[in-house]
>>> print(open('target-v8.txt').read())   # compact mmCIF, C-alpha atoms and all ligand atoms
# COMPACT_ATOMS: atom_id res chain seq x y z
CA MET A 1 38.91 103.31 -165.66
CA ASP A 2 36.45 105.35 -167.77
CA GLU A 3 33.98 105.38 -164.90
CA LEU A 4 36.46 107.40 -162.82
CA LEU A 5 35.38 110.94 -163.63
CA ASN A 6 37.44 113.00 -161.25
CA LEU A 7 40.38 112.82 -158.88
CA ASP A 8 38.23 111.90 -155.89
CA ASP A 9 36.98 108.88 -157.84
CA PHE A 10 40.62 107.89 -158.31
CA GLU A 11 41.25 108.23 -154.60
CA ALA A 12 38.30 105.96 -153.79
CA ALA A 13 39.36 103.38 -156.38
CA ALA A 14 42.96 103.45 -155.18
CA CYS A 15 41.88 102.96 -151.58
CA GLU A 16 40.18 99.71 -152.54
CA ARG A 17 43.38 98.46 -154.10
CA LEU A 18 46.10 99.59 -151.72
CA PRO A 19 46.99 97.59 -148.61
CA ALA A 20 45.70 99.42 -145.52
CA ALA A 21 49.10 100.56 -144.23
CA ALA A 22 50.23 101.91 -147.60
CA ARG A 23 46.88 103.66 -148.04
CA ASP A 24 47.24 105.36 -144.66
CA TYR A 25 50.83 106.31 -145.43
CA VAL A 26 49.77 108.10 -148.59
CA ARG A 27 46.50 109.65 -147.44
CA GLY A 28 47.57 110.63 -143.98
CA GLY A 29 48.95 113.79 -142.49
CA ALA A 30 50.56 114.88 -139.25
CA ALA A 31 48.94 114.76 -135.80
CA ASP A 32 45.23 115.74 -135.96
CA GLU A 33 45.43 116.21 -139.73
CA ILE A 34 44.04 119.73 -139.41
CA THR A 35 46.36 121.11 -142.08
CA LEU A 36 45.74 118.08 -144.29
CA HIS A 37 42.02 118.90 -144.32
CA GLU A 38 42.60 122.64 -144.54
CA ASN A 39 44.52 122.18 -147.78
CA ARG A 40 41.25 121.00 -149.35
CA GLU A 41 38.82 123.14 -147.37
CA ALA A 42 40.63 126.38 -148.11
CA PHE A 43 40.03 126.03 -151.84
CA ARG A 44 36.29 126.15 -151.11
CA ARG A 45 36.72 129.55 -149.49
CA PHE A 46 38.04 131.04 -152.70
CA GLN A 47 35.50 131.83 -155.37
CA LEU A 48 36.10 132.34 -159.05
CA LEU A 49 34.78 135.47 -160.79
CA PRO A 50 34.09 134.76 -164.46
CA ARG A 51 34.12 137.36 -167.22
CA VAL A 52 31.73 136.84 -170.12
CA LEU A 53 31.54 137.50 -173.82
CA ARG A 54 35.19 136.90 -174.49
CA ASP A 55 36.39 134.85 -177.42
CA VAL A 56 37.49 131.63 -175.78
CA SER A 57 37.41 129.44 -178.88
CA ASN A 58 41.14 128.79 -178.52
CA ILE A 59 42.56 127.97 -175.12
CA ASP A 60 46.31 127.51 -174.82
CA LEU A 61 47.33 125.97 -171.51
CA THR A 62 51.07 125.79 -172.19
CA ILE A 63 53.53 127.59 -169.97
CA ASP A 64 57.29 128.08 -169.98
CA LEU A 65 59.08 127.21 -166.79
CA PHE A 66 62.86 127.46 -166.42
CA GLY A 67 63.30 127.02 -170.13
CA GLU A 68 60.90 124.10 -170.52
CA ARG A 69 57.57 124.14 -172.29
CA LEU A 70 54.86 122.40 -170.23
CA SER A 71 51.54 121.41 -171.79
CA PHE A 72 49.72 122.81 -168.75
CA PRO A 73 50.70 124.43 -165.45
CA VAL A 74 50.66 121.28 -163.33
CA LEU A 75 53.73 119.28 -162.31
CA VAL A 76 53.98 115.93 -160.57
CA ALA A 77 54.98 116.61 -156.94
CA PRO A 78 57.80 114.60 -155.42
CA THR A 79 56.36 111.73 -153.39
CA ALA A 80 58.34 108.87 -151.95
CA PHE A 81 58.23 105.18 -152.89
CA HIS A 82 55.91 104.89 -155.88
CA SER A 83 56.46 101.13 -155.82
CA LEU A 84 54.07 101.05 -152.87
CA ALA A 85 51.35 101.76 -155.43
CA HIS A 86 52.57 99.81 -158.46
CA PRO A 87 55.54 97.57 -159.26
CA GLU A 88 56.71 99.90 -162.02
CA GLY A 89 56.73 102.75 -159.52
CA GLU A 90 58.45 105.95 -160.62
CA LEU A 91 59.21 104.51 -164.06
CA ALA A 92 55.49 104.45 -164.77
CA THR A 93 54.95 107.93 -163.32
CA ALA A 94 57.78 109.29 -165.45
CA ARG A 95 56.25 107.83 -168.60
CA ALA A 96 52.85 109.29 -167.72
CA ALA A 97 54.23 112.77 -167.04
CA ALA A 98 56.10 112.62 -170.36
CA ALA A 99 52.99 111.49 -172.23
CA VAL A 100 51.02 114.43 -170.86
CA GLY A 101 53.88 116.85 -171.48
CA THR A 102 54.73 117.93 -167.99
CA VAL A 103 57.60 117.78 -165.51
CA MET A 104 57.89 115.08 -162.88
CA VAL A 105 59.71 116.14 -159.74
CA VAL A 106 61.41 112.94 -158.68
CA SER A 107 61.63 112.34 -154.94
CA THR A 108 65.01 111.59 -153.49
CA MET A 109 63.22 108.71 -151.72
CA SER A 110 62.33 106.95 -154.94
CA SER A 111 61.94 103.21 -155.22
CA TYR A 112 64.00 103.16 -158.43
CA ARG A 113 67.38 104.77 -158.92
CA LEU A 114 67.26 108.31 -160.21
CA GLU A 115 69.21 107.21 -163.31
CA GLU A 116 66.61 104.54 -164.13
CA ILE A 117 63.80 107.06 -163.77
CA ALA A 118 65.64 109.52 -166.00
CA ALA A 119 65.99 106.83 -168.64
CA ALA A 120 62.33 105.76 -168.45
CA ALA A 121 61.12 108.80 -170.40
CA SER A 122 62.95 111.61 -172.11
CA ALA A 123 60.75 114.47 -170.86
CA PRO A 124 62.44 116.95 -168.52
CA LYS A 125 62.50 116.12 -164.84
CA TRP A 126 63.55 117.86 -161.65
CA PHE A 127 65.27 116.18 -158.74
CA GLN A 128 63.97 116.71 -155.21
CA LEU A 129 66.55 116.61 -152.50
CA TYR A 130 66.94 117.05 -148.80
CA CYS A 131 70.20 118.55 -147.68
CA TYR A 132 71.61 115.73 -145.59
CA ARG A 133 73.80 115.79 -142.53
CA ASP A 134 76.45 114.14 -144.68
CA ARG A 135 77.15 116.76 -147.33
CA SER A 136 79.16 114.32 -149.41
CA VAL A 137 76.01 112.19 -149.81
CA THR A 138 74.01 115.28 -150.76
CA ARG A 139 76.66 116.37 -153.21
CA ALA A 140 76.90 112.93 -154.77
CA LEU A 141 73.13 112.92 -155.32
CA VAL A 142 73.26 116.34 -156.98
CA GLU A 143 76.09 115.21 -159.24
CA ARG A 144 74.23 112.05 -160.18
CA ALA A 145 71.10 114.08 -160.93
CA GLU A 146 73.08 116.46 -163.13
CA ALA A 147 74.77 113.60 -164.95
CA ALA A 148 71.42 111.91 -165.54
CA GLY A 149 70.02 115.08 -167.13
CA TYR A 150 67.70 116.44 -164.45
CA ARG A 151 66.92 120.09 -165.21
CA ALA A 152 66.46 121.58 -161.74
CA ILE A 153 67.08 120.85 -158.09
CA CYS A 154 64.14 121.13 -155.75
CA MET A 155 65.42 121.37 -152.19
CA THR A 156 62.79 120.54 -149.60
CA VAL A 157 63.28 122.74 -146.56
CA ASP A 158 60.35 121.86 -144.30
CA LEU A 159 61.77 118.66 -142.89
CA PRO A 160 64.33 119.36 -140.14
CA ARG A 161 62.64 116.37 -138.54
CA VAL A 162 59.94 114.05 -139.77
CA GLY A 163 56.40 115.10 -138.76
CA ARG A 164 54.35 113.03 -136.37
CA ARG A 165 52.25 110.81 -138.59
CA GLU A 166 50.10 108.86 -136.21
CA ARG A 167 48.51 106.60 -138.78
CA ASP A 168 51.97 105.25 -139.56
CA LEU A 169 52.77 104.89 -135.87
CA ARG A 170 49.56 102.94 -135.28
CA ASN A 171 50.17 100.70 -138.26
CA ARG A 172 53.85 100.33 -137.38
CA PHE A 173 54.35 101.19 -141.00
CA SER A 174 57.56 100.08 -142.60
CA LEU A 175 58.51 99.50 -146.18
CA PRO A 176 57.44 96.13 -147.58
CA PRO A 177 60.11 93.79 -148.97
CA GLY A 178 61.38 94.98 -152.31
CA VAL A 179 60.61 98.65 -151.69
CA SER A 180 63.53 100.76 -150.54
CA PRO A 181 65.16 104.15 -151.17
CA LYS A 182 67.26 102.89 -154.06
CA ASN A 183 69.26 106.10 -154.44
CA PHE A 184 71.02 105.38 -151.19
CA GLU A 185 72.19 101.87 -151.95
CA ASP A 186 75.60 103.17 -152.97
CA PHE A 187 76.16 104.74 -149.60
CA LEU A 188 75.31 101.79 -147.44
CA ASP A 189 76.58 98.24 -147.61
CA LEU A 190 73.68 96.00 -146.62
CA GLY A 191 74.92 92.91 -148.37
CA ARG A 192 75.17 90.61 -145.39
CA LEU A 193 71.89 91.55 -143.72
CA ALA A 194 68.65 89.59 -144.03
CA ALA A 195 65.88 91.30 -146.02
CA ASP A 196 63.87 92.66 -143.08
CA GLU A 197 66.98 93.81 -141.23
CA ARG A 198 67.99 95.57 -144.41
CA VAL A 199 64.77 97.58 -144.41
CA ARG A 200 65.29 98.58 -140.78
CA ALA A 201 68.92 99.49 -141.36
CA PHE A 202 67.92 101.60 -144.33
CA GLU A 203 65.24 103.40 -142.37
CA ARG A 204 67.66 104.08 -139.53
CA TYR A 205 70.24 105.36 -141.96
CA ILE A 206 67.78 107.70 -143.67
CA GLY A 207 66.52 108.95 -140.30
CA GLU A 208 70.07 109.78 -139.31
CA LEU A 209 70.70 111.68 -142.54
CA VAL A 210 67.96 114.23 -141.83
CA ASP A 211 69.74 117.27 -140.47
CA PRO A 212 67.96 119.37 -137.82
CA SER A 213 70.85 121.84 -137.70
CA LEU A 214 70.32 123.10 -141.26
CA THR A 215 70.27 126.86 -141.81
CA TRP A 216 70.18 129.17 -144.83
CA GLU A 217 73.87 128.45 -145.20
CA ALA A 218 72.81 125.12 -146.74
CA VAL A 219 71.09 127.00 -149.55
CA ASP A 220 74.28 128.93 -150.27
CA TRP A 221 76.20 125.68 -150.18
CA LEU A 222 73.83 123.97 -152.60
CA ARG A 223 74.05 127.02 -154.87
CA SER A 224 77.80 126.59 -154.90
CA VAL A 225 77.69 122.92 -155.93
CA THR A 226 75.22 123.11 -158.82
CA ARG A 227 74.45 125.40 -161.70
CA LEU A 228 70.96 123.98 -162.13
CA PRO A 229 68.03 126.19 -161.19
CA LEU A 230 67.36 125.88 -157.46
CA ILE A 231 63.84 125.74 -156.11
CA LEU A 232 63.05 125.72 -152.38
CA LYS A 233 60.02 123.64 -151.45
CA GLY A 234 58.16 124.20 -148.23
CA ILE A 235 58.00 127.99 -147.83
CA MET A 236 54.96 129.17 -145.86
CA THR A 237 55.72 132.73 -144.74
CA ARG A 238 56.49 136.09 -146.28
CA ALA A 239 59.67 136.32 -144.20
CA ASP A 240 61.09 133.08 -145.57
CA ALA A 241 60.00 133.96 -149.10
CA ARG A 242 62.01 137.17 -148.76
CA LEU A 243 65.06 135.30 -147.49
CA ALA A 244 64.77 132.82 -150.36
CA ALA A 245 64.63 135.65 -152.88
CA GLU A 246 67.63 137.34 -151.26
CA ARG A 247 69.50 134.06 -151.51
CA GLY A 248 69.08 134.15 -155.26
CA VAL A 249 67.11 130.93 -155.68
CA GLN A 250 65.11 130.70 -158.89
CA GLY A 251 61.89 129.42 -157.42
CA ILE A 252 59.93 128.52 -154.32
CA VAL A 253 57.11 126.09 -153.71
CA VAL A 254 54.55 127.35 -151.23
CA SER A 255 53.79 124.08 -149.50
CA ASN A 256 53.10 122.50 -146.15
CA HIS A 257 54.22 119.09 -147.40
CA GLY A 258 50.64 118.00 -147.95
CA GLY A 259 49.88 118.45 -144.24
CA ARG A 260 52.49 115.87 -143.26
CA GLN A 261 54.90 118.05 -141.30
CA LEU A 262 53.76 120.75 -138.83
CA ASP A 263 50.07 120.39 -138.12
CA THR A 264 47.79 123.47 -137.76
CA VAL A 265 49.70 125.58 -140.26
CA PRO A 266 47.46 127.30 -142.82
CA ALA A 267 46.60 125.81 -146.18
CA ALA A 268 49.20 126.63 -148.79
CA VAL A 269 46.59 128.44 -150.89
CA GLU A 270 45.78 130.72 -147.92
CA VAL A 271 49.29 132.16 -147.78
CA LEU A 272 50.00 132.04 -151.51
CA GLY A 273 48.75 135.57 -152.27
CA GLU A 274 50.87 137.29 -149.64
CA ILE A 275 53.96 135.30 -150.59
CA VAL A 276 53.53 136.26 -154.24
CA GLU A 277 53.19 139.87 -153.12
CA GLU A 278 56.43 139.59 -151.16
CA ALA A 279 58.61 137.70 -153.60
CA GLY A 280 56.71 137.12 -156.84
CA GLU A 281 58.78 139.62 -158.80
CA ARG A 282 62.07 138.04 -157.82
CA VAL A 283 61.35 134.30 -157.80
CA VAL A 284 58.97 131.98 -159.60
CA VAL A 285 56.28 130.97 -157.12
CA LEU A 286 54.76 127.50 -157.34
CA MET A 287 52.40 125.89 -154.85
CA ASP A 288 51.06 122.51 -153.82
CA GLY A 289 48.62 120.98 -151.38
CA GLY A 290 45.02 119.98 -151.95
CA ILE A 291 44.80 120.50 -155.71
CA ARG A 292 42.07 118.13 -156.92
CA ARG A 293 40.15 120.14 -159.53
CA GLY A 294 40.85 122.33 -162.51
CA THR A 295 39.15 125.13 -160.57
CA ASP A 296 41.74 124.69 -157.79
CA VAL A 297 44.54 125.15 -160.33
CA ALA A 298 42.83 128.28 -161.67
CA LYS A 299 42.51 129.73 -158.15
CA ALA A 300 46.21 129.17 -157.51
CA LEU A 301 47.06 130.82 -160.84
CA ALA A 302 44.80 133.77 -160.01
CA LEU A 303 46.59 134.19 -156.69
CA GLY A 304 49.89 134.40 -158.53
CA ALA A 305 51.32 130.88 -158.75
CA ARG A 306 53.05 130.19 -162.04
CA ALA A 307 52.15 126.51 -161.73
CA VAL A 308 51.06 123.95 -159.15
CA LEU A 309 52.14 120.46 -158.17
CA VAL A 310 49.93 117.46 -157.39
CA GLY A 311 51.07 114.72 -155.06
CA ARG A 312 48.59 112.13 -153.83
CA PRO A 313 46.37 112.04 -156.94
CA CYS A 314 49.30 110.75 -159.03
CA PHE A 315 49.88 108.08 -156.45
CA TYR A 316 46.23 107.10 -156.69
CA GLY A 317 46.40 106.95 -160.48
CA LEU A 318 49.41 104.69 -160.20
CA ALA A 319 47.61 102.36 -157.79
CA VAL A 320 44.59 102.14 -160.11
CA ALA A 321 46.31 101.49 -163.42
CA GLY A 322 50.06 102.19 -163.42
CA ALA A 323 51.27 104.69 -166.02
CA GLU A 324 47.85 104.78 -167.69
CA GLY A 325 46.25 105.74 -164.39
CA VAL A 326 48.67 108.59 -163.73
CA ARG A 327 48.21 109.78 -167.30
CA ARG A 328 44.45 109.79 -166.85
CA VAL A 329 44.68 111.71 -163.57
CA LEU A 330 46.80 114.38 -165.24
CA GLU A 331 44.59 114.46 -168.34
CA LEU A 332 41.50 114.91 -166.19
CA LEU A 333 43.06 117.89 -164.42
CA LYS A 334 44.15 119.29 -167.74
CA SER A 335 40.74 119.07 -169.36
CA GLU A 336 39.07 120.47 -166.23
CA LEU A 337 41.50 123.39 -166.30
CA GLU A 338 40.83 124.00 -169.95
CA LEU A 339 37.09 124.17 -169.35
CA THR A 340 37.62 126.38 -166.31
CA LEU A 341 39.63 128.89 -168.33
CA ALA A 342 36.97 128.99 -171.04
CA LEU A 343 34.23 129.60 -168.49
CA LEU A 344 36.34 132.24 -166.76
CA GLY A 345 36.87 134.09 -170.02
CA CYS A 346 40.62 133.50 -170.12
CA ARG A 347 42.58 132.16 -173.07
CA ASN A 348 45.75 131.15 -171.29
CA PRO A 349 47.17 130.80 -167.76
CA ARG A 350 48.80 134.26 -167.86
CA GLU A 351 45.39 135.85 -168.23
CA VAL A 352 44.17 134.31 -164.97
CA THR A 353 44.98 137.21 -162.68
CA ARG A 354 43.90 138.39 -159.27
CA GLU A 355 40.64 139.87 -160.56
CA TYR A 356 39.31 136.36 -161.18
CA VAL A 357 39.30 135.25 -157.58
CA ARG A 358 37.92 136.48 -154.29
CA ARG A 359 38.00 135.00 -150.84
CA SER A 360 34.68 134.51 -149.11
CA SER A 361 34.95 135.00 -145.35
C1 LIG A 401 53.11 109.72 -149.73
C2 LIG A 401 53.78 111.05 -149.83
C3 LIG A 401 55.16 111.10 -149.89
C4 LIG A 401 55.80 112.34 -150.01
N1 LIG A 401 57.17 112.34 -150.15
C5 LIG A 401 57.79 113.53 -150.36
C6 LIG A 401 59.19 113.55 -150.60
O1 LIG A 401 59.85 112.54 -150.66
N2 LIG A 401 59.77 114.76 -150.78
C7 LIG A 401 59.06 115.94 -150.73
O2 LIG A 401 59.62 117.01 -150.90
N3 LIG A 401 57.73 115.93 -150.54
C8 LIG A 401 57.08 114.76 -150.35
N4 LIG A 401 55.72 114.76 -150.17
C9 LIG A 401 54.96 116.03 -150.25
C10 LIG A 401 54.52 116.32 -151.69
O3 LIG A 401 55.61 116.69 -152.49
C11 LIG A 401 53.52 117.47 -151.76
O4 LIG A 401 54.01 118.59 -151.06
C12 LIG A 401 52.13 117.12 -151.25
O5 LIG A 401 51.81 115.78 -151.50
C13 LIG A 401 51.11 118.03 -151.94
O6 LIG A 401 49.85 117.80 -151.47
P1 LIG A 401 48.76 116.89 -152.24
O7 LIG A 401 49.13 115.49 -151.97
O8 LIG A 401 47.48 117.31 -151.59
O9 LIG A 401 48.80 117.24 -153.71
C14 LIG A 401 55.05 113.54 -150.03
C15 LIG A 401 53.66 113.48 -149.94
C16 LIG A 401 53.02 112.25 -149.85
C17 LIG A 401 51.51 112.23 -149.81
>>> encode(input="target-v8.txt", output="structure tokens")
Amino acid sequence: MDELLNLDDFEAAACERLPAAARDYVRGGAADEITLHENREAFRRFQLLPRVLRDVSNIDLTIDLFGERLSFPVLVAPTAFHSLAHPEGELATARAAAAVGTVMVVSTMSSYRLEEIAAAASAPKWFQLYCYRDRSVTRALVERAEAAGYRAICMTVDLPRVGRRERDLRNRFSLPPGVSPKNFEDFLDLGRLAADERVRAFERYIGELVDPSLTWEAVDWLRSVTRLPLILKGIMTRADARLAAERGVQGIVVSNHGGRQLDTVPAAVEVLGEIVEEAGERVVVLMDGGIRRGTDVAKALALGARAVLVGRPCFYGLAVAGAEGVRRVLELLKSELELTLALLGCRNPREVTREYVRRSS
């Protein structure tokens, strides 16, 4: 693994290992994948502006987020079905995040039960959730997450329907035997079905749970059923950032779901600055999408994000070497960020302010 020097190297190595359909599922985006590519391209349009002759002999990357101390401002984004990449799936990812000292946001579509993932490592975790058509299912998941010690609820709001992912359609992608959304087993009795029918029944069930009629009322409802900090993931406009702040949520994630939902929306980093301007004083603003370098993290910080999340790279680390691979991916980002701060003339993430970045046209 030592020959893998950056996150792109991990992507290439993972692609050699993953079966084609799983690889496409992870790498792909919606429709023409314009937003998927934009998420990466947009970072190139922002340039860092270093200050010199500052004492940068001590760099402290730690941040405090909702009462937790993180070793650096990068969290593991919620991504579904880690067992597609490695048999230990989310258990391995959880151990890696804990070893590096950061928060894993566990997807509701995990391939282990949320309780098992919580028990795999003691570091703080957040639980990602969709608000389902069946509110009793949603509520039961929140209660289970609370009981298992999750520290925040991350409600993903950009999925009233699943985006059109043509790679998956072409591959007729479905979950391989042994991989399933384990959190939902309690709600569905599949006992008598054969294994492949079980997968199909599960997928149908999950598809039916997605609720296209959701409105901001769902945020109020979720507020009323949990005291955990509530973070809305998938905000892309000033107007929605304002509504989120008015709703009293603690945080938002500026995100286009890694380019997997509505295609041709801007890169998350393109709208980050204006969203921070709109709501940054009232809610904690996080972002994800296209983070592959320490310099990308620094740009997001400079534009006002408190921290960022990384999705696919963790998946790639998992495919390459299980928990060790995810740990290495996160460590690489961390050491790149540390060097970036030193070269920028900043001693900690708070010092990385707007004056350190400009957008080239
Ligand atoms: C394979 C895959 C599965 C995902 N599953 C979820 C999910 O279950 N819930 C969710 O809120 N976001 C999900 N996402 C979106 C990520 O949380 C995140 O927004 C995105 O991956 C960030 O972009 P990046 O991969 O470029 O870092 C998924 C993304 C990928 C690539």
>>> residues_around(input="target-v8.txt", residues="A:Arg354", least_positions_apart="3", cutoff="9 Å", atoms="all atoms listed in the file", output="NGL selection string")
:A and (273 or 299 or 301-304 or 357-358)
>>> closest_atom_pairs(input="target-v8.txt", of="chain A", to="ligand LIG 401 (chain A)", cutoff="8 Å", atoms="only C-alpha atoms and all ligand atoms", output="tab-separated table")
residue	atom	partner	partner_atom	distance
A:Tyr25	CA	A:LIG401	C1	5.9
A:Val26	CA	A:LIG401	C1	3.9
A:Arg27	CA	A:LIG401	C17	6.1
A:Gly28	CA	A:LIG401	C17	7.2
A:Gly29	CA	A:LIG401	C17	7.9
A:Leu36	CA	A:LIG401	O8	7.5
A:Asn39	CA	A:LIG401	O8	6.9
A:Arg40	CA	A:LIG401	O8	7.6
A:Ala77	CA	A:LIG401	O3	4.5
A:Pro78	CA	A:LIG401	O3	4.2
A:Thr79	CA	A:LIG401	N1	3.4
A:Ala80	CA	A:LIG401	N1	4.1
A:Phe81	CA	A:LIG401	C3	7.3
A:Ser107	CA	A:LIG401	O1	4.6
A:Thr108	CA	A:LIG401	O1	6.0
A:Met109	CA	A:LIG401	O1	5.2
A:Ser110	CA	A:LIG401	O1	7.5
A:Gln128	CA	A:LIG401	O2	6.1
A:Leu129	CA	A:LIG401	O2	7.1
A:Tyr130	CA	A:LIG401	O2	7.6
A:Cys154	CA	A:LIG401	O2	7.8
A:Met155	CA	A:LIG401	O2	7.4
A:Thr156	CA	A:LIG401	O2	4.9
A:Lys233	CA	A:LIG401	O2	6.7
A:Gly234	CA	A:LIG401	O4	7.5
A:Ser255	CA	A:LIG401	O4	5.7
A:Asn256	CA	A:LIG401	O4	6.3
A:His257	CA	A:LIG401	O4	3.7
A:Gly258	CA	A:LIG401	O6	3.6
A:Gly259	CA	A:LIG401	O6	7.3
A:Arg260	CA	A:LIG401	C15	7.2
A:Asp288	CA	A:LIG401	C13	4.9
A:Gly289	CA	A:LIG401	O6	3.4
A:Gly290	CA	A:LIG401	O8	3.6
A:Ile291	CA	A:LIG401	O9	5.5
A:Arg292	CA	A:LIG401	O9	7.5
A:Leu309	CA	A:LIG401	O9	6.4
A:Val310	CA	A:LIG401	O9	3.9
A:Gly311	CA	A:LIG401	O9	3.7
A:Arg312	CA	A:LIG401	O7	3.9
A:Pro313	CA	A:LIG401	O9	6.6
A:Phe315	CA	A:LIG401	C1	7.6
>>> closest_residue(input="target-v8.txt", among="A:Asp24, A:Glu41, A:Glu90, A:Glu277", to="A:Cys314", atoms="only C-alpha atoms")
A:Glu90
>>> residues_around(input="target-v8.txt", residues="A:Val284", least_positions_apart="4", cutoff="7 Å", atoms="all atoms listed in the file", output="list in words")
Gln250, Gly251, Ile252, Gly280 and Arg306 of chain A
>>> closest_residue(input="target-v8.txt", among="A:Ala145, A:Cys131, A:Ala12, A:Met287", to="A:Ala218", atoms="all atoms listed in the file")
A:Cys131
>>> atom_distance(input="target-v8.txt", atom1="atom CA of A:Glu143", atom2="atom CA of A:Ala121")
19.7 Å
